[in-house]
>>> print(open('model-v2.pdb').read())   # PDB, C-alpha atoms, pLDDT in the B column
ATOM      1  CA  MET A   1     -77.865  -1.559   6.360  1.00 67.00           C
ATOM      2  CA  GLY A   2     -74.506   0.219   6.301  1.00 84.00           C
ATOM      3  CA  VAL A   3     -71.887  -0.267   3.642  1.00 87.00           C
ATOM      4  CA  PRO A   4     -70.036  -3.559   4.331  1.00 89.00           C
ATOM      5  CA  GLN A   5     -66.339  -3.406   5.008  1.00 89.00           C
ATOM      6  CA  LEU A   6     -64.191  -3.555   1.896  1.00 90.00           C
ATOM      7  CA  ASP A   7     -60.657  -4.911   1.843  1.00 83.00           C
ATOM      8  CA  ARG A   8     -58.352  -6.700  -0.573  1.00 77.00           C
ATOM      9  CA  THR A   9     -59.268 -10.201   0.529  1.00 74.00           C
ATOM     10  CA  PHE A  10     -62.986  -9.948  -0.062  1.00 69.00           C
ATOM     11  CA  PRO A  11     -63.876  -9.696  -2.802  1.00 69.00           C
ATOM     12  CA  ASP A  12     -60.773 -11.658  -3.673  1.00 79.00           C
ATOM     13  CA  LEU A  13     -58.563  -9.751  -6.103  1.00 85.00           C
ATOM     14  CA  LYS A  14     -56.144 -12.655  -6.460  1.00 86.00           C
ATOM     15  CA  GLU A  15     -58.939 -15.023  -7.422  1.00 87.00           C
ATOM     16  CA  ALA A  16     -60.151 -12.533 -10.037  1.00 89.00           C
ATOM     17  CA  GLU A  17     -56.648 -12.288 -11.480  1.00 89.00           C
ATOM     18  CA  SER A  18     -56.363 -16.068 -11.542  1.00 91.00           C
ATOM     19  CA  ILE A  19     -59.649 -16.405 -13.441  1.00 92.00           C
ATOM     20  CA  GLN A  20     -58.490 -13.711 -15.855  1.00 91.00           C
ATOM     21  CA  ARG A  21     -55.283 -15.651 -16.484  1.00 93.00           C
ATOM     22  CA  PHE A  22     -57.280 -18.821 -17.174  1.00 94.00           C
ATOM     23  CA  TRP A  23     -59.282 -17.095 -19.887  1.00 95.00           C
ATOM     24  CA  GLU A  24     -56.170 -15.519 -21.436  1.00 93.00           C
ATOM     25  CA  VAL A  25     -54.381 -18.884 -21.626  1.00 95.00           C
ATOM     26  CA  HIS A  26     -57.306 -20.948 -22.888  1.00 96.00           C
ATOM     27  CA  TYR A  27     -59.313 -18.435 -24.893  1.00 95.00           C
ATOM     28  CA  ASP A  28     -58.053 -19.397 -28.366  1.00 94.00           C
ATOM     29  CA  ASP A  29     -58.708 -23.079 -27.731  1.00 97.00           C
ATOM     30  CA  LEU A  30     -62.151 -22.356 -26.300  1.00 97.00           C
ATOM     31  CA  LEU A  31     -62.917 -20.160 -29.287  1.00 96.00           C
ATOM     32  CA  LYS A  32     -62.310 -23.112 -31.594  1.00 97.00           C
ATOM     33  CA  ARG A  33     -64.497 -25.420 -29.510  1.00 98.00           C
ATOM     34  CA  TYR A  34     -67.259 -23.024 -28.440  1.00 98.00           C
ATOM     35  CA  PRO A  35     -67.359 -20.101 -30.911  1.00 97.00           C
ATOM     36  CA  GLU A  36     -69.827 -17.327 -30.042  1.00 96.00           C
ATOM     37  CA  GLN A  37     -70.959 -19.141 -26.908  1.00 97.00           C
ATOM     38  CA  PHE A  38     -71.119 -18.424 -23.211  1.00 97.00           C
ATOM     39  CA  VAL A  39     -68.810 -20.890 -21.511  1.00 98.00           C
ATOM     40  CA  ALA A  40     -68.962 -21.912 -17.846  1.00 97.00           C
ATOM     41  CA  VAL A  41     -65.818 -23.260 -16.226  1.00 96.00           C
ATOM     42  CA  ARG A  42     -65.373 -24.963 -12.878  1.00 96.00           C
ATOM     43  CA  ASP A  43     -62.000 -26.199 -11.608  1.00 93.00           C
ATOM     44  CA  ASP A  44     -60.450 -25.339 -14.991  1.00 92.00           C
ATOM     45  CA  LYS A  45     -62.898 -27.571 -16.870  1.00 95.00           C
ATOM     46  CA  VAL A  46     -65.793 -26.560 -19.112  1.00 97.00           C
ATOM     47  CA  VAL A  47     -69.023 -27.702 -17.494  1.00 98.00           C
ATOM     48  CA  ALA A  48     -71.527 -26.054 -19.843  1.00 98.00           C
ATOM     49  CA  ALA A  49     -71.715 -23.844 -22.908  1.00 98.00           C
ATOM     50  CA  ASN A  50     -74.576 -22.209 -24.748  1.00 98.00           C
ATOM     51  CA  PRO A  51     -74.963 -19.372 -27.265  1.00 98.00           C
ATOM     52  CA  ASP A  52     -77.776 -17.999 -25.093  1.00 98.00           C
ATOM     53  CA  LEU A  53     -76.774 -16.653 -21.697  1.00 98.00           C
ATOM     54  CA  ALA A  54     -80.160 -17.201 -20.072  1.00 98.00           C
ATOM     55  CA  LEU A  55     -80.287 -20.818 -21.205  1.00 98.00           C
ATOM     56  CA  LEU A  56     -76.780 -21.375 -19.857  1.00 98.00           C
ATOM     57  CA  ILE A  57     -77.697 -19.919 -16.462  1.00 98.00           C
ATOM     58  CA  TYR A  58     -80.784 -22.100 -16.205  1.00 97.00           C
ATOM     59  CA  HIS A  59     -78.853 -25.158 -17.398  1.00 98.00           C
ATOM     60  CA  LEU A  60     -76.298 -24.546 -14.642  1.00 98.00           C
ATOM     61  CA  ARG A  61     -79.105 -24.233 -12.143  1.00 97.00           C
ATOM     62  CA  ASP A  62     -80.483 -27.591 -13.289  1.00 97.00           C
ATOM     63  CA  MET A  63     -76.989 -29.018 -12.718  1.00 98.00           C
ATOM     64  CA  GLY A  64     -77.099 -27.696  -9.161  1.00 98.00           C
ATOM     65  CA  LEU A  65     -74.550 -24.970  -9.911  1.00 97.00           C
ATOM     66  CA  ASP A  66     -74.848 -21.327  -8.951  1.00 96.00           C
ATOM     67  CA  ALA A  67     -73.718 -19.025 -11.763  1.00 96.00           C
ATOM     68  CA  ARG A  68     -72.296 -16.544  -9.286  1.00 94.00           C
ATOM     69  CA  ALA A  69     -70.610 -18.793  -6.774  1.00 93.00           C
ATOM     70  CA  ASP A  70     -69.722 -22.060  -8.453  1.00 95.00           C
ATOM     71  CA  VAL A  71     -68.439 -21.262 -11.950  1.00 96.00           C
ATOM     72  CA  ALA A  72     -66.649 -18.639 -14.004  1.00 96.00           C
ATOM     73  CA  ILE A  73     -68.517 -17.596 -17.144  1.00 97.00           C
ATOM     74  CA  GLU A  74     -67.147 -15.843 -20.200  1.00 96.00           C
ATOM     75  CA  PHE A  75     -68.496 -14.994 -23.628  1.00 96.00           C
ATOM     76  CA  VAL A  76     -66.125 -16.581 -26.122  1.00 96.00           C
ATOM     77  CA  THR A  77     -66.271 -14.621 -29.319  1.00 94.00           C
ATOM     78  CA  ALA A  78     -64.145 -13.698 -32.303  1.00 91.00           C
ATOM     79  CA  ARG A  79     -65.935 -10.362 -32.476  1.00 84.00           C
ATOM     80  CA  ALA A  80     -64.575  -8.845 -29.242  1.00 77.00           C
ATOM     81  CA  LYS A  81     -61.791  -7.121 -31.126  1.00 69.00           C
ATOM     82  CA  SER A  82     -64.253  -4.854 -32.930  1.00 70.00           C
ATOM     83  CA  LEU A  83     -66.626  -3.131 -30.547  1.00 67.00           C
ATOM     84  CA  LEU A  84     -68.652   0.073 -30.673  1.00 69.00           C
ATOM     85  CA  LEU A  85     -70.147   0.629 -27.234  1.00 68.00           C
TER      86      LEU A  85
ATOM     87  CA  MET B   1     -52.602   5.025  -7.939  1.00 96.00           C
ATOM     88  CA  ILE B   2     -55.215   2.619  -9.235  1.00 98.00           C
ATOM     89  CA  SER B   3     -54.240   0.648 -12.312  1.00 97.00           C
ATOM     90  CA  GLY B   4     -56.446  -0.809 -14.943  1.00 97.00           C
ATOM     91  CA  PHE B   5     -55.225  -3.372 -17.417  1.00 94.00           C
ATOM     92  CA  TRP B   6     -55.400  -4.541 -20.987  1.00 92.00           C
ATOM     93  CA  SER B   7     -56.331  -8.009 -22.069  1.00 87.00           C
ATOM     94  CA  PRO B   8     -54.684  -9.391 -25.223  1.00 81.00           C
ATOM     95  CA  ARG B   9     -58.082 -10.595 -26.385  1.00 82.00           C
ATOM     96  CA  PHE B  10     -59.876  -7.315 -25.855  1.00 86.00           C
ATOM     97  CA  PRO B  11     -59.249  -3.905 -27.454  1.00 86.00           C
ATOM     98  CA  LEU B  12     -60.360  -1.614 -24.617  1.00 92.00           C
ATOM     99  CA  PRO B  13     -58.969  -0.638 -21.186  1.00 95.00           C
ATOM    100  CA  LEU B  14     -60.372  -2.671 -18.303  1.00 96.00           C
ATOM    101  CA  ILE B  15     -60.506  -2.070 -14.580  1.00 97.00           C
ATOM    102  CA  ARG B  16     -61.662  -4.165 -11.641  1.00 96.00           C
ATOM    103  CA  VAL B  17     -64.051  -2.332  -9.347  1.00 97.00           C
ATOM    104  CA  ALA B  18     -65.759  -3.535  -6.186  1.00 96.00           C
ATOM    105  CA  VAL B  19     -69.485  -2.848  -6.335  1.00 97.00           C
ATOM    106  CA  TRP B  20     -72.032  -3.155  -3.574  1.00 96.00           C
ATOM    107  CA  ILE B  21     -75.650  -3.241  -4.679  1.00 96.00           C
ATOM    108  CA  GLU B  22     -77.705  -3.964  -1.612  1.00 95.00           C
ATOM    109  CA  GLU B  23     -80.816  -4.758  -3.640  1.00 95.00           C
ATOM    110  CA  PHE B  24     -79.164  -7.809  -5.146  1.00 94.00           C
ATOM    111  CA  VAL B  25     -76.085  -8.889  -3.190  1.00 91.00           C
ATOM    112  CA  PRO B  26     -75.348  -8.414   0.516  1.00 88.00           C
ATOM    113  CA  THR B  27     -71.584  -8.187  -0.048  1.00 91.00           C
ATOM    114  CA  TRP B  28     -69.109  -6.404  -2.278  1.00 94.00           C
ATOM    115  CA  THR B  29     -68.663  -7.958  -5.707  1.00 94.00           C
ATOM    116  CA  LEU B  30     -65.785  -7.487  -8.125  1.00 95.00           C
ATOM    117  CA  ILE B  31     -66.797  -6.499 -11.632  1.00 96.00           C
ATOM    118  CA  THR B  32     -64.424  -5.896 -14.514  1.00 96.00           C
ATOM    119  CA  PHE B  33     -65.553  -2.786 -16.373  1.00 97.00           C
ATOM    120  CA  VAL B  34     -64.517  -1.212 -19.637  1.00 96.00           C
ATOM    121  CA  LEU B  35     -63.256   2.237 -18.781  1.00 96.00           C
ATOM    122  CA  ASP B  36     -65.638   4.206 -20.984  1.00 94.00           C
ATOM    123  CA  THR B  37     -65.088   7.950 -21.299  1.00 93.00           C
ATOM    124  CA  GLY B  38     -68.019   8.025 -23.711  1.00 92.00           C
ATOM    125  CA  ALA B  39     -70.586   6.880 -21.150  1.00 93.00           C
ATOM    126  CA  THR B  40     -72.391   9.276 -18.833  1.00 93.00           C
ATOM    127  CA  HIS B  41     -73.360   6.509 -16.416  1.00 94.00           C
ATOM    128  CA  THR B  42     -71.890   3.298 -15.135  1.00 97.00           C
ATOM    129  CA  SER B  43     -73.846   0.331 -16.361  1.00 96.00           C
ATOM    130  CA  ILE B  44     -73.859  -3.370 -15.711  1.00 97.00           C
ATOM    131  CA  HIS B  45     -74.798  -5.600 -18.609  1.00 96.00           C
ATOM    132  CA  PRO B  46     -76.448  -9.025 -18.490  1.00 97.00           C
ATOM    133  CA  LEU B  47     -73.282 -11.128 -18.416  1.00 97.00           C
ATOM    134  CA  ASP B  48     -72.061  -9.450 -15.233  1.00 97.00           C
ATOM    135  CA  ALA B  49     -75.576  -9.086 -13.821  1.00 97.00           C
ATOM    136  CA  THR B  50     -75.972 -12.858 -13.938  1.00 97.00           C
ATOM    137  CA  ARG B  51     -72.452 -14.166 -13.316  1.00 96.00           C
ATOM    138  CA  ARG B  52     -71.316 -11.558 -10.781  1.00 95.00           C
ATOM    139  CA  LEU B  53     -74.512 -10.332  -9.125  1.00 96.00           C
ATOM    140  CA  GLY B  54     -76.449 -13.574  -9.436  1.00 95.00           C
ATOM    141  CA  ILE B  55     -79.521 -11.914 -10.908  1.00 96.00           C
ATOM    142  CA  ALA B  56     -81.796 -14.431 -12.613  1.00 96.00           C
ATOM    143  CA  PRO B  57     -82.308 -13.804 -16.340  1.00 97.00           C
ATOM    144  CA  ALA B  58     -86.056 -13.516 -15.762  1.00 97.00           C
ATOM    145  CA  SER B  59     -85.390 -10.563 -13.461  1.00 97.00           C
ATOM    146  CA  LEU B  60     -83.642  -8.756 -16.307  1.00 97.00           C
ATOM    147  CA  ASP B  61     -86.973  -8.380 -18.115  1.00 96.00           C
ATOM    148  CA  ALA B  62     -87.764  -4.660 -18.106  1.00 95.00           C
ATOM    149  CA  THR B  63     -91.506  -5.313 -18.235  1.00 95.00           C
ATOM    150  CA  THR B  64     -91.283  -6.621 -14.654  1.00 95.00           C
ATOM    151  CA  TRP B  65     -89.518  -3.496 -13.327  1.00 96.00           C
ATOM    152  CA  PRO B  66     -91.275  -0.617 -11.545  1.00 94.00           C
ATOM    153  CA  GLY B  67     -91.852   2.031 -14.204  1.00 92.00           C
ATOM    154  CA  GLU B  68     -90.402   4.879 -12.133  1.00 92.00           C
ATOM    155  CA  ARG B  69     -87.041   3.102 -11.929  1.00 93.00           C
ATOM    156  CA  VAL B  70     -86.712   2.283 -15.601  1.00 92.00           C
ATOM    157  CA  ALA B  71     -84.305   4.518 -17.488  1.00 86.00           C
ATOM    158  CA  PRO B  72     -84.351   4.216 -21.274  1.00 80.00           C
ATOM    159  CA  THR B  73     -80.814   4.884 -22.480  1.00 81.00           C
ATOM    160  CA  SER B  74     -79.359   5.274 -25.919  1.00 74.00           C
ATOM    161  CA  GLY B  75     -75.937   4.174 -27.060  1.00 69.00           C
ATOM    162  CA  GLY B  76     -73.854   2.832 -29.893  1.00 57.00           C
ATOM    163  CA  GLY B  77     -75.378  -0.603 -29.435  1.00 57.00           C
ATOM    164  CA  GLY B  78     -78.913   0.761 -29.661  1.00 65.00           C
ATOM    165  CA  GLY B  79     -81.356   1.804 -26.982  1.00 81.00           C
ATOM    166  CA  VAL B  80     -82.308  -0.514 -24.154  1.00 90.00           C
ATOM    167  CA  ASN B  81     -83.957  -0.084 -20.780  1.00 94.00           C
ATOM    168  CA  TYR B  82     -81.916   0.086 -17.602  1.00 95.00           C
ATOM    169  CA  LEU B  83     -82.986  -0.444 -14.006  1.00 96.00           C
ATOM    170  CA  GLU B  84     -81.565   2.222 -11.737  1.00 96.00           C
ATOM    171  CA  THR B  85     -80.548   1.042  -8.278  1.00 96.00           C
ATOM    172  CA  PRO B  86     -78.423   2.498  -5.450  1.00 97.00           C
ATOM    173  CA  ALA B  87     -74.806   1.337  -5.441  1.00 97.00           C
ATOM    174  CA  SER B  88     -71.465   1.898  -3.779  1.00 97.00           C
ATOM    175  CA  PHE B  89     -68.135   1.671  -5.590  1.00 97.00           C
ATOM    176  CA  GLY B  90     -64.689   0.878  -4.257  1.00 96.00           C
ATOM    177  CA  LEU B  91     -61.413   0.868  -6.158  1.00 96.00           C
ATOM    178  CA  PHE B  92     -58.180  -0.744  -5.013  1.00 95.00           C
ATOM    179  CA  HIS B  93     -54.873   1.085  -5.030  1.00 96.00           C
ATOM    180  CA  ASP B  94     -51.876  -0.757  -6.422  1.00 95.00           C
ATOM    181  CA  GLU B  95     -50.153  -0.245  -3.082  1.00 94.00           C
ATOM    182  CA  PRO B  96     -51.822  -2.764  -0.732  1.00 91.00           C
ATOM    183  CA  ALA B  97     -51.183  -0.611   2.332  1.00 93.00           C
ATOM    184  CA  ILE B  98     -53.473   2.149   1.019  1.00 94.00           C
ATOM    185  CA  PRO B  99     -57.141   1.565   1.891  1.00 93.00           C
ATOM    186  CA  PRO B 100     -59.590   1.142  -0.994  1.00 94.00           C
ATOM    187  CA  GLU B 101     -60.958   4.311  -2.539  1.00 96.00           C
ATOM    188  CA  LEU B 102     -64.630   4.445  -1.590  1.00 96.00           C
ATOM    189  CA  LEU B 103     -66.828   6.773  -3.623  1.00 97.00           C
ATOM    190  CA  PRO B 104     -69.927   8.591  -2.382  1.00 96.00           C
ATOM    191  CA  PRO B 105     -73.109   6.509  -2.726  1.00 94.00           C
ATOM    192  CA  MET B 106     -74.636   6.789  -6.170  1.00 96.00           C
ATOM    193  CA  SER B 107     -76.702   4.669  -8.492  1.00 96.00           C
ATOM    194  CA  VAL B 108     -75.878   2.156 -11.157  1.00 97.00           C
ATOM    195  CA  LYS B 109     -77.842   1.146 -14.222  1.00 96.00           C
ATOM    196  CA  ILE B 110     -78.522  -2.521 -14.821  1.00 97.00           C
ATOM    197  CA  ALA B 111     -79.452  -3.384 -18.395  1.00 96.00           C
ATOM    198  CA  GLU B 112     -82.415  -5.460 -19.416  1.00 96.00           C
ATOM    199  CA  MET B 113     -81.380  -8.629 -21.191  1.00 96.00           C
ATOM    200  CA  THR B 114     -81.870  -8.590 -24.918  1.00 94.00           C
ATOM    201  CA  ARG B 115     -80.680 -10.972 -27.590  1.00 91.00           C
ATOM    202  CA  ASP B 116     -78.018  -8.497 -28.657  1.00 90.00           C
ATOM    203  CA  ASN B 117     -76.505  -7.313 -25.374  1.00 93.00           C
ATOM    204  CA  GLN B 118     -75.810 -10.570 -23.553  1.00 94.00           C
ATOM    205  CA  GLY B 119     -72.085 -10.483 -24.239  1.00 93.00           C
ATOM    206  CA  ILE B 120     -71.480  -6.750 -23.921  1.00 92.00           C
ATOM    207  CA  PRO B 121     -69.071  -5.732 -21.138  1.00 94.00           C
ATOM    208  CA  SER B 122     -70.123  -3.519 -18.257  1.00 96.00           C
ATOM    209  CA  LEU B 123     -69.115   0.132 -18.587  1.00 96.00           C
ATOM    210  CA  LEU B 124     -67.495   2.448 -16.063  1.00 98.00           C
ATOM    211  CA  GLY B 125     -68.836   5.882 -16.970  1.00 97.00           C
ATOM    212  CA  TRP B 126     -68.320   9.475 -15.951  1.00 97.00           C
ATOM    213  CA  ASP B 127     -70.417   9.258 -12.799  1.00 97.00           C
ATOM    214  CA  VAL B 128     -67.467   7.282 -11.386  1.00 98.00           C
ATOM    215  CA  LEU B 129     -64.634   8.642 -13.532  1.00 98.00           C
ATOM    216  CA  GLN B 130     -65.372  12.235 -12.463  1.00 98.00           C
ATOM    217  CA  TYR B 131     -63.623  11.496  -9.165  1.00 98.00           C
ATOM    218  CA  PHE B 132     -60.320  10.627 -10.815  1.00 98.00           C
ATOM    219  CA  ARG B 133     -57.516  11.851 -12.994  1.00 98.00           C
ATOM    220  CA  VAL B 134     -57.576   9.312 -15.791  1.00 97.00           C
ATOM    221  CA  THR B 135     -54.284   8.628 -17.543  1.00 97.00           C
ATOM    222  CA  MET B 136     -53.996   6.429 -20.604  1.00 94.00           C
ATOM    223  CA  GLU B 137     -50.789   5.724 -22.461  1.00 93.00           C
ATOM    224  CA  GLY B 138     -51.597   3.885 -25.625  1.00 91.00           C
ATOM    225  CA  ARG B 139     -52.289   0.246 -24.893  1.00 89.00           C
ATOM    226  CA  THR B 140     -49.658  -0.075 -22.222  1.00 88.00           C
ATOM    227  CA  ARG B 141     -50.957   1.760 -19.179  1.00 93.00           C
ATOM    228  CA  VAL B 142     -54.191   3.065 -17.714  1.00 96.00           C
ATOM    229  CA  THR B 143     -54.315   4.592 -14.253  1.00 98.00           C
ATOM    230  CA  LEU B 144     -56.769   6.436 -12.037  1.00 98.00           C
ATOM    231  CA  ASP B 145     -55.731   8.891  -9.323  1.00 97.00           C
ATOM    232  CA  ARG B 146     -58.296  10.344  -6.944  1.00 96.00           C
ATOM    233  CA  ILE B 147     -58.754  14.108  -7.302  1.00 95.00           C
TER     234      ILE B 147
END
>>> encode(input="model-v2.pdb", output="C-alpha cells")
Amino acid sequence: MGVPQLDRTFPDLKEAESIQRFWEVHYDDLLKRYPEQFVAVRDDKVVAANPDLALLIYHLRDMGLDARADVAIEFVTARAKSLLL
Amino acid sequence: MISGFWSPRFPLPLIRVAVWIEEFVPTWTLITFVLDTGATHTSIHPLDATRRLGIAPASLDATTWPGERVAPTSGGGGGVNYLETPASFGLFHDEPAIPPELLPPMSVKIAEMTRDNQGIPSLLGWDVLQYFRVTMEGRTRVTLDRI
C-alpha cells in the first residue's frame, strides 16, 4: 500500500485546534472535578473518567464509543507543569 | 515555516504532526508531540496510542510483541519496551498553499503501557528533527524549517 494522500483537511487541523481550545478553556474546572484522571469528552460533555487509561478505554467500548473516533481524551493532572522526559 | 505552539497548561513546546502507521491505521492521524531535542527517536506513548491510533490497551503489552521488534529504551522516566513499526511523517506549513512536508519513510517507537507512562506525551525526537532547522524563542515561538 502506498502512502495515502495528505492534505490540510484530513486529518483535520481545524478540528484538532478546536479540541485543543476546549481543553485550554475547561482544564482548570476539569482538574477540580477529575484530578489525576483520564477524561473522555464528547460534544463538549464529559462522558467518562478514570485514573486508569486502559479501564477508561474499555469502559468507553462498553458504552459503544470508540476511543479514537467518538471522543476526545485528555489526562487531567496538576503535575504536567513539572516533567522530566 | 512550520510552527509549533505552547499550551498554557503545559511547560514544553508542542507540535502537531500527521503520522501514518500502516500497521495500525489506514489513514493519516494527527498527533501532538512534545518537541524533544533530548530524544534520539520519535515515540508514541499509551495515551496517543489508544486515543489517536486506536490501539487496544491489551495490544500495548510488550509480552505479546514479536521479540525482534521490541526495543528496550532508557529515559528520564525509566526504561520501558517499545514496539518499532514503519511510519511516515508529514508536517504542515503555516502557509496553506505550501504542500505538507513529507519525510522519508522511517520507523516510530510505540511504548508498552505501564502504570507510570499512561499520561506521558508522545515525543518528537531527532530522527524527525534532523530534517529541520529548529528555532525556539523562549516560550513564545517554536518553528521548524526544512533543511
>>> atom_distance(input="model-v2.pdb", atom1="atom CA of Gly2 of chain A", atom2="atom CA of Leu35 of chain B")
27.6 Å
>>> residues_around(input="model-v2.pdb", residues="segment 124-129 of chain B", least_positions_apart="3", cutoff="12 Å", atoms="all atoms listed in the file", output="VMD selection string")
(chain A and resid 85) or (chain B and resid 2 4 12 to 19 31 to 45 87 to 91 101 to 109 121 132 to 135 143 to 147)
>>> resolve_selection(input="model-v2.pdb", expression="the PyMOL selection byres ((chain A) within 8 of (chain B))", output="PyMOL selection string")
chain A and resi 3-4+6-8+10-13+16+24+52-54+57+66-68+72-75+80-82+84-85
>>> resolve_selection(input="model-v2.pdb", expression="the PyMOL selection byres ((chain B and resi 82) around 9)", output="compact mmCIF listing (two decimals) with C-alpha atoms, keeping the file's coordinate frame")
# COMPACT_ATOMS: atom_id res chain seq x y z
CA SER B 43 -73.85 0.33 -16.36
CA ILE B 44 -73.86 -3.37 -15.71
CA ALA B 62 -87.76 -4.66 -18.11
CA ARG B 69 -87.04 3.10 -11.93
CA VAL B 70 -86.71 2.28 -15.60
CA ALA B 71 -84.30 4.52 -17.49
CA PRO B 72 -84.35 4.22 -21.27
CA THR B 73 -80.81 4.88 -22.48
CA VAL B 80 -82.31 -0.51 -24.15
CA ASN B 81 -83.96 -0.08 -20.78
CA LEU B 83 -82.99 -0.44 -14.01
CA GLU B 84 -81.56 2.22 -11.74
CA LYS B 109 -77.84 1.15 -14.22
CA ILE B 110 -78.52 -2.52 -14.82
CA ALA B 111 -79.45 -3.38 -18.40
CA GLU B 112 -82.42 -5.46 -19.42
>>> atom_distance(input="model-v2.pdb", atom1="atom CA of Ala78 of chain A", atom2="atom CA of Val46 of chain A")
18.5 Å
>>> axis_aligned_box(input="model-v2.pdb", around="segment 79-89 of chain B", padding_each_side="4 Å", output="AutoDock Vina command-line options")
--center_x -76.0 --center_y 1.0 --center_z -15.4 --size_x 23.8 --size_y 11.0 --size_z 31.2
>>> residues_near_point(input="model-v2.pdb", point="(-72.3, -24.5, -19.7)", cutoff="9 Å", atoms="only C-alpha atoms", output="compact mmCIF listing (two decimals) with C-alpha atoms, in the frame of the given file")
# COMPACT_ATOMS: atom_id res chain seq x y z
CA PHE A 38 -71.12 -18.42 -23.21
CA VAL A 39 -68.81 -20.89 -21.51
CA ALA A 40 -68.96 -21.91 -17.85
CA VAL A 41 -65.82 -23.26 -16.23
CA VAL A 46 -65.79 -26.56 -19.11
CA VAL A 47 -69.02 -27.70 -17.49
CA ALA A 48 -71.53 -26.05 -19.84
CA ALA A 49 -71.72 -23.84 -22.91
CA ASN A 50 -74.58 -22.21 -24.75
CA LEU A 55 -80.29 -20.82 -21.20
CA LEU A 56 -76.78 -21.38 -19.86
CA ILE A 57 -77.70 -19.92 -16.46
CA HIS A 59 -78.85 -25.16 -17.40
CA LEU A 60 -76.30 -24.55 -14.64
CA ILE A 73 -68.52 -17.60 -17.14
>>> atom_distance(input="model-v2.pdb", atom1="atom CA of Glu23 of chain B", atom2="atom CA of Gly79 of chain B")
24.3 Å
>>> closest_residue(input="model-v2.pdb", among="A:Lys14, A:Arg79, A:Arg61, A:Trp23", to="Pro35 of chain A", atoms="all atoms listed in the file")
A:Arg79
>>> build_atoms(input="model-v2.pdb", residues="segment 105-117 of chain B", atoms="N, CA and C atoms", output="PDB file, in the coordinates of the input")
ATOM      1  N   PRO B 105     -72.033   7.351  -2.198  1.00 94.00           N
ATOM      2  CA  PRO B 105     -73.109   6.509  -2.726  1.00 94.00           C
ATOM      3  C   PRO B 105     -73.727   7.133  -3.971  1.00 94.00           C
ATOM      4  N   MET B 106     -74.012   6.309  -4.931  1.00 96.00           N
ATOM      5  CA  MET B 106     -74.636   6.789  -6.170  1.00 96.00           C
ATOM      6  C   MET B 106     -75.561   5.698  -6.680  1.00 96.00           C
ATOM      7  N   SER B 107     -75.875   5.736  -7.940  1.00 96.00           N
ATOM      8  CA  SER B 107     -76.702   4.669  -8.492  1.00 96.00           C
ATOM      9  C   SER B 107     -75.945   4.007  -9.630  1.00 96.00           C
ATOM     10  N   VAL B 108     -76.439   2.847 -10.002  1.00 97.00           N
ATOM     11  CA  VAL B 108     -75.878   2.156 -11.157  1.00 97.00           C
ATOM     12  C   VAL B 108     -77.045   1.707 -12.017  1.00 97.00           C
ATOM     13  N   LYS B 109     -76.794   1.579 -13.305  1.00 96.00           N
ATOM     14  CA  LYS B 109     -77.842   1.146 -14.222  1.00 96.00           C
ATOM     15  C   LYS B 109     -77.596  -0.311 -14.622  1.00 96.00           C
ATOM     16  N   ILE B 110     -78.613  -1.105 -14.451  1.00 97.00           N
ATOM     17  CA  ILE B 110     -78.522  -2.521 -14.821  1.00 97.00           C
ATOM     18  C   ILE B 110     -79.388  -2.755 -16.056  1.00 97.00           C
ATOM     19  N   ALA B 111     -78.769  -3.267 -17.100  1.00 96.00           N
ATOM     20  CA  ALA B 111     -79.452  -3.384 -18.395  1.00 96.00           C
ATOM     21  C   ALA B 111     -80.437  -4.541 -18.422  1.00 96.00           C
ATOM     22  N   GLU B 112     -81.539  -4.329 -19.120  1.00 96.00           N
ATOM     23  CA  GLU B 112     -82.415  -5.460 -19.416  1.00 96.00           C
ATOM     24  C   GLU B 112     -81.648  -6.408 -20.332  1.00 96.00           C
ATOM     25  N   MET B 113     -82.043  -7.658 -20.320  1.00 96.00           N
ATOM     26  CA  MET B 113     -81.380  -8.629 -21.191  1.00 96.00           C
ATOM     27  C   MET B 113     -82.094  -8.672 -22.530  1.00 96.00           C
ATOM     28  N   THR B 114     -81.322  -8.436 -23.579  1.00 94.00           N
ATOM     29  CA  THR B 114     -81.870  -8.590 -24.918  1.00 94.00           C
ATOM     30  C   THR B 114     -81.010  -9.618 -25.657  1.00 94.00           C
ATOM     31  N   ARG B 115     -81.455  -9.992 -26.823  1.00 91.00           N
ATOM     32  CA  ARG B 115     -80.680 -10.972 -27.590  1.00 91.00           C
ATOM     33  C   ARG B 115     -79.304 -10.415 -27.948  1.00 91.00           C
ATOM     34  N   ASP B 116     -79.248  -9.099 -28.125  1.00 90.00           N
ATOM     35  CA  ASP B 116     -78.018  -8.497 -28.657  1.00 90.00           C
ATOM     36  C   ASP B 116     -77.032  -8.011 -27.609  1.00 90.00           C
ATOM     37  N   ASN B 117     -77.436  -7.915 -26.342  1.00 93.00           N
ATOM     38  CA  ASN B 117     -76.505  -7.313 -25.374  1.00 93.00           C
ATOM     39  C   ASN B 117     -75.977  -8.304 -24.338  1.00 93.00           C
TER      40      ASN B 117
END
